[in-house]
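Just coords_26.cif here, mmCIF, C-alpha atoms:
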```cif
data_query
loop_
_atom_site.label_atom_id
_atom_site.label_comp_id
_atom_site.auth_asym_id
_atom_site.auth_seq_id
_atom_site.Cartn_x
_atom_site.Cartn_y
_atom_site.Cartn_z
CA MET N 1 21.23 99.20 -14.54
CA LYS N 2 18.13 100.21 -16.48
CA LYS N 3 16.21 103.13 -14.99
CA GLN N 4 12.69 102.16 -13.87
CA ILE N 5 9.92 104.07 -15.61
CA TYR N 6 6.26 104.10 -14.68
CA TYR N 7 3.33 105.18 -16.78
CA LYS N 8 0.21 107.07 -15.79
CA THR N 9 -3.25 107.90 -17.00
CA ASN N 10 -6.32 109.47 -15.44
CA TYR N 11 -9.79 108.12 -14.75
CA GLU N 12 -12.83 110.32 -14.07
CA SER N 13 -15.10 108.58 -11.56
CA PRO N 14 -18.32 109.60 -9.81
CA VAL N 15 -16.23 110.36 -6.70
CA GLY N 16 -13.42 112.29 -8.39
CA CYS N 17 -10.43 112.07 -10.68
CA TYR N 18 -8.00 109.20 -10.13
CA MET N 19 -4.47 108.81 -11.43
CA MET N 20 -3.40 105.26 -12.31
CA ALA N 21 0.21 104.12 -12.44
CA SER N 22 1.72 101.05 -14.06
CA ASP N 23 5.11 99.48 -14.59
CA GLY N 24 3.93 98.82 -18.16
CA LYS N 25 2.30 95.47 -17.41
CA ASN N 26 0.78 95.61 -13.91
CA LEU N 27 -1.31 98.16 -12.06
CA SER N 28 0.95 99.73 -9.42
CA GLY N 29 -1.29 102.46 -8.09
CA ILE N 30 -4.55 104.34 -8.30
CA TRP N 31 -4.95 107.48 -6.24
CA LEU N 32 -7.71 110.02 -5.88
CA GLU N 33 -6.45 113.46 -6.80
CA GLY N 34 -5.27 115.23 -3.64
CA GLN N 35 -5.45 112.19 -1.37
CA LYS N 36 -2.94 111.52 1.37
CA TYR N 37 0.13 109.55 0.15
CA TYR N 38 -0.67 110.44 -3.49
CA ALA N 39 1.71 108.41 -5.69
CA ALA N 40 3.95 107.83 -2.64
CA THR N 41 5.04 104.33 -3.75
CA ILE N 42 6.34 105.56 -7.13
CA ASP N 43 9.87 106.82 -6.68
CA CYS N 44 10.86 107.34 -10.29
CA GLU N 45 9.77 109.09 -13.46
CA ILE N 46 6.11 108.75 -14.45
CA ILE N 47 5.24 109.24 -18.13
CA GLU N 48 1.74 109.84 -19.49
CA ASN N 49 0.51 106.86 -21.52
CA ASP N 50 -3.20 106.33 -22.07
CA ASN N 51 -2.73 103.29 -24.31
CA LEU N 52 -1.52 100.57 -21.96
CA LYS N 53 -3.58 97.38 -21.88
CA ILE N 54 -3.61 97.34 -18.06
CA PHE N 55 -5.07 100.87 -18.06
CA SER N 56 -7.90 99.95 -20.42
CA GLU N 57 -8.59 96.81 -18.34
CA THR N 58 -8.60 98.86 -15.13
CA LYS N 59 -10.87 101.54 -16.60
CA ASN N 60 -13.26 98.81 -17.73
CA TRP N 61 -13.15 97.27 -14.22
CA LEU N 62 -13.87 100.66 -12.63
CA ASP N 63 -16.68 101.40 -15.11
CA ARG N 64 -18.33 98.13 -14.10
CA TYR N 65 -17.74 98.82 -10.40
CA PHE N 66 -19.35 102.26 -10.67
CA ASN N 67 -22.25 100.72 -12.62
CA ALA N 68 -23.16 98.63 -9.53
CA GLN N 69 -21.51 95.47 -10.75
CA ASN N 70 -19.01 93.56 -8.64
CA PRO N 71 -15.99 92.82 -10.83
CA ALA N 72 -13.45 90.36 -9.41
CA ILE N 73 -10.19 91.82 -8.15
CA SER N 74 -8.42 88.82 -9.70
CA GLU N 75 -9.26 90.14 -13.19
CA LEU N 76 -6.46 92.71 -12.86
CA ARG N 77 -2.70 92.26 -12.56
CA LEU N 78 -1.88 94.18 -9.38
CA ALA N 79 1.65 95.02 -8.25
CA PRO N 80 1.49 97.42 -5.30
CA LYS N 81 4.86 98.28 -3.78
CA GLY N 82 5.18 97.84 -0.03
CA SER N 83 6.74 95.87 2.80
CA VAL N 84 5.91 92.20 3.40
CA PHE N 85 3.58 93.27 6.22
CA ARG N 86 1.75 95.81 4.06
CA GLN N 87 1.46 93.29 1.22
CA ARG N 88 -0.18 90.82 3.64
CA VAL N 89 -2.65 93.42 4.88
CA TRP N 90 -3.52 94.39 1.29
CA ARG N 91 -4.16 90.73 0.37
CA LEU N 92 -6.54 90.49 3.35
CA LEU N 93 -8.35 93.63 2.18
CA CYS N 94 -9.03 91.87 -1.12
CA GLN N 95 -10.98 89.22 0.80
CA ILE N 96 -13.52 91.69 2.24
CA PRO N 97 -16.76 91.08 0.33
CA TYR N 98 -18.37 93.82 -1.74
CA GLY N 99 -20.84 95.77 0.41
CA SER N 100 -19.28 94.56 3.68
CA VAL N 101 -16.87 96.00 6.21
CA THR N 102 -14.35 94.67 8.68
CA THR N 103 -12.26 96.33 11.36
CA TYR N 104 -8.58 97.07 11.75
CA GLY N 105 -8.72 94.89 14.86
CA GLU N 106 -10.15 91.90 12.97
CA ILE N 107 -7.36 92.12 10.40
CA ALA N 108 -4.83 92.41 13.23
CA LYS N 109 -6.23 89.22 14.83
CA ILE N 110 -5.84 87.30 11.57
CA ILE N 111 -2.23 88.39 11.14
CA ALA N 112 -1.40 87.70 14.80
CA LYS N 113 -2.80 84.18 14.46
CA GLU N 114 -0.83 83.58 11.24
CA GLN N 115 2.35 84.70 12.98
CA GLY N 116 1.70 82.71 16.15
CA ARG N 117 1.44 85.87 18.23
CA LYS N 118 -1.06 86.75 20.93
CA LYS N 119 -1.65 90.25 19.58
CA MET N 120 -0.99 92.50 16.62
CA SER N 121 -1.37 96.25 16.67
CA ALA N 122 -4.55 97.50 15.01
CA GLN N 123 -2.67 100.78 14.53
CA ALA N 124 0.02 98.98 12.50
CA VAL N 125 -2.75 97.48 10.36
CA GLY N 126 -4.26 100.96 10.03
CA GLY N 127 -0.94 102.29 8.75
CA ALA N 128 -0.79 99.57 6.11
CA VAL N 129 -4.43 100.13 5.12
CA GLY N 130 -3.84 103.89 4.86
CA HIS N 131 -0.84 103.39 2.59
CA ASN N 132 -2.72 101.13 0.18
CA PRO N 133 -1.62 102.39 -3.25
CA ILE N 134 -4.47 100.80 -5.24
CA SER N 135 -7.62 102.59 -4.06
CA ILE N 136 -11.06 101.08 -4.64
CA ILE N 137 -9.71 97.89 -6.25
CA ILE N 138 -7.87 96.88 -3.08
CA PRO N 139 -10.88 97.91 -0.97
CA CYS N 140 -9.39 99.82 1.96
CA HIS N 141 -12.64 101.80 2.16
CA ARG N 142 -14.24 98.66 3.65
CA VAL N 143 -12.22 98.92 6.89
CA ILE N 144 -13.58 100.77 9.92
CA SER N 145 -12.67 101.16 13.59
CA SER N 146 -13.99 98.57 16.03
CA ASN N 147 -16.18 101.24 17.64
CA GLY N 148 -17.92 101.92 14.29
CA SER N 149 -15.96 105.05 13.42
CA LEU N 150 -15.52 105.67 9.68
CA THR N 151 -11.95 106.77 10.12
CA GLY N 152 -8.69 106.36 8.30
CA TYR N 153 -9.36 106.80 4.59
CA ALA N 154 -6.58 108.54 2.63
CA GLY N 155 -9.14 109.72 0.05
CA GLY N 156 -11.23 111.42 2.74
CA ILE N 157 -14.15 110.28 4.88
CA GLU N 158 -16.70 111.69 2.41
CA THR N 159 -15.28 109.49 -0.37
CA LYS N 160 -15.26 106.45 1.93
CA ILE N 161 -18.93 107.04 2.71
CA LYS N 162 -19.80 107.45 -0.98
CA LEU N 163 -18.04 104.17 -1.85
CA LEU N 164 -19.73 102.24 0.96
CA GLU N 165 -23.12 103.69 0.04
CA HIS N 166 -22.46 102.83 -3.61
CA GLU N 167 -21.90 99.22 -2.52
CA LYS N 168 -25.23 99.34 -0.62
CA CYS N 169 -23.44 98.87 2.69
CA ASN N 170 -25.66 99.81 5.62
CA ILE N 171 -23.66 102.58 7.25
CA GLU N 172 -26.38 103.82 9.62
CA LYS N 173 -24.67 102.27 12.64
CA PHE N 174 -21.32 103.91 11.83
CA PHE N 175 -20.24 107.45 12.63
CA ILE N 176 -17.79 110.09 11.52
CA PRO N 177 -15.25 110.90 14.23
CA HIS N 178 -15.21 114.45 15.54
CA LYS N 179 -11.93 116.24 15.10
CA THR N 180 -10.43 117.47 18.32
CA THR N 181 -8.48 120.66 18.47
CA SER N 182 -5.47 121.09 20.65
CA HIS N 183 -4.40 124.43 22.02
#
```

Serialized structure, structure tokens:
Amino acid sequence: MKKQIYYKTNYESPVGCYMMASDGKNLSGIWLEGQKYYAATIDCEIIENDNLKIFSETKNWLDRYFNAQNPAISELRLAPKGSVFRQRVWRLLCQIPYGSVTTYGEIAKIIAKEQGRKKMSAQAVGGAVGHNPISIIIPCHRVISSNGSLTGYAGGIETKIKLLEHEKCNIEKFFIPHKTTSH
């Protein structure tokens, strides 16, 4: 059996340095340096390669995004690795309009309805959102708690706020949760 190899390159953005990963054809990941679950879905060797077509396409997409344009997610070949449930959540994230937000609970309601269930755990949705391996492009930063808390972003709350502000999302009604300390 042929050993799977992934390729990587870096992208300097206004919010920090990102590492991109690809199977050679598709974008498999993009993580902010130091974020939670950094490169967690890549379980094999990653070789530096700045010359892949998917990397130049992704860098172009990100350049346009950070220049206040709204490039279509469908322009890129995405191949995030994850369970069937996570894949479904990530597809729903791609439907959140630029400059808008939704809640973990709203996503949970959609999935529950699709599965013919009365309820779906918003926490399970939060886990899938948090493990999204393709930051920014699969817009997990557009998901908030139902109470308006800007919680649950693997790249950090400050980055989430910067991305939402960049998209001209009105975040005045949202808040940053206070960390509680346990003794």

Self-check item: Expected selection from the PyMOL selection byres ((chain N and resi 123-136) around 8), given as a ChimeraX atom specification
Solution: /N:27-32,37,39-41,80-81,85-86,89-90,104-105,107-108,120-122,137-141,152-154

Quiz item: In Å, with one decimal, what is the gap from CA of Ser145 (chain N) to CA of Cys169 (chain N)?
Solution: 15.5 Å

Self-check item: Counting all atoms listed in the file, the option among N:Asn51, N:Thr151, N:Asn60, N:Gln69 closest to Thr103 (chain N)
Solution: N:Thr151

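The residues that lie within 8 Å of the point (13.7, 103.5, -12.7), counting all atoms listed in the file, are Lys2, Lys3, Gln4, Ile5, Tyr6, Asp43, Cys44 and Glu45 of chain N.
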
Residues just named, written with C-alpha atoms as a compact mmCIF listing (two decimals), in the frame of the given file:
```txt
# COMPACT_ATOMS: atom_id res chain seq x y z
CA LYS N 2 18.13 100.21 -16.48
CA LYS N 3 16.21 103.13 -14.99
CA GLN N 4 12.69 102.16 -13.87
CA ILE N 5 9.92 104.07 -15.61
CA TYR N 6 6.26 104.10 -14.68
CA ASP N 43 9.87 106.82 -6.68
CA CYS N 44 10.86 107.34 -10.29
CA GLU N 45 9.77 109.09 -13.46
```

Practice problem: Take CA of Glu12 (chain N) and CA of Lys162 (chain N) and report the distance between them in Å, one decimal. | Solution: 15.1 Å

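Using all atoms listed in the file, the contacts of Ile176 (chain N) at a cut-off of 8 Å, with sequence neighbours closer than 2 positions omitted, comprise Ser149, Leu150, Thr151, Ile157, Phe174 and His178 of chain N.
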
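Here CA of Gly156 (chain N) stands at a distance of 22.6 Å from CA of Asn70 (chain N).
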
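Minimum atom-to-atom distances from N:Ile96, N:Ile144, N:Ile73, N:Ile110 to Glu57 (chain N) were compared using all atoms listed in the file, and the lowest value belongs to N:Ile73.
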
Quiz prompt | Residue contacts of Gly24 (chain N) (10 Å, only C-alpha atoms) excluding same-chain residues fewer than 5 positions away, as an MDAnalysis selection string | solution = chainID N and resid 5:8 49 52:55

Practice problem: Rank N:Ser83, N:Gln95, N:Val15, N:Lys118 by their smallest atom-to-atom distance to Leu164 (chain N), using all atoms listed in the file, and report the top residue only. | Solution: N:Val15

Self-check item: Which residue of N:Asn147, N:Arg88, N:Asp23, N:Leu76 approaches Ala112 (chain N) most closely, using all atoms listed in the file
Solution: N:Arg88

Quiz item: Of the residues N:Ala79, N:Val143, N:Glu172, N:Arg91, which is the one nearest to Glu106 (chain N), using only C-alpha atoms?
Solution: N:Val143

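When all atoms listed in the file are used to measure the gap to Ile46 (chain N), the shortest distance among N:Gly82, N:Thr9, N:Asn26, N:Phe66 belongs to N:Thr9.
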
Practice problem: Could you list the residues chosen by the PyMOL selection byres ((chain N and resi 33) around 9) in this structure as a PyMOL selection string? | Solution: chain N and resi 16-19+31-32+34-35+38+155

Selection export as a tab-separated table (two decimals), in the frame of the given file, atoms kept: C-alpha atoms:
```tsv
chain	number	residue	atom	x	y	z
N	16	GLY	CA	-13.42	112.29	-8.39
N	17	CYS	CA	-10.43	112.07	-10.68
N	18	TYR	CA	-8.00	109.20	-10.13
N	19	MET	CA	-4.47	108.81	-11.43
N	31	TRP	CA	-4.95	107.48	-6.24
N	32	LEU	CA	-7.71	110.02	-5.88
N	34	GLY	CA	-5.27	115.23	-3.64
N	35	GLN	CA	-5.45	112.19	-1.37
N	38	TYR	CA	-0.67	110.44	-3.49
N	155	GLY	CA	-9.14	109.72	0.05
```
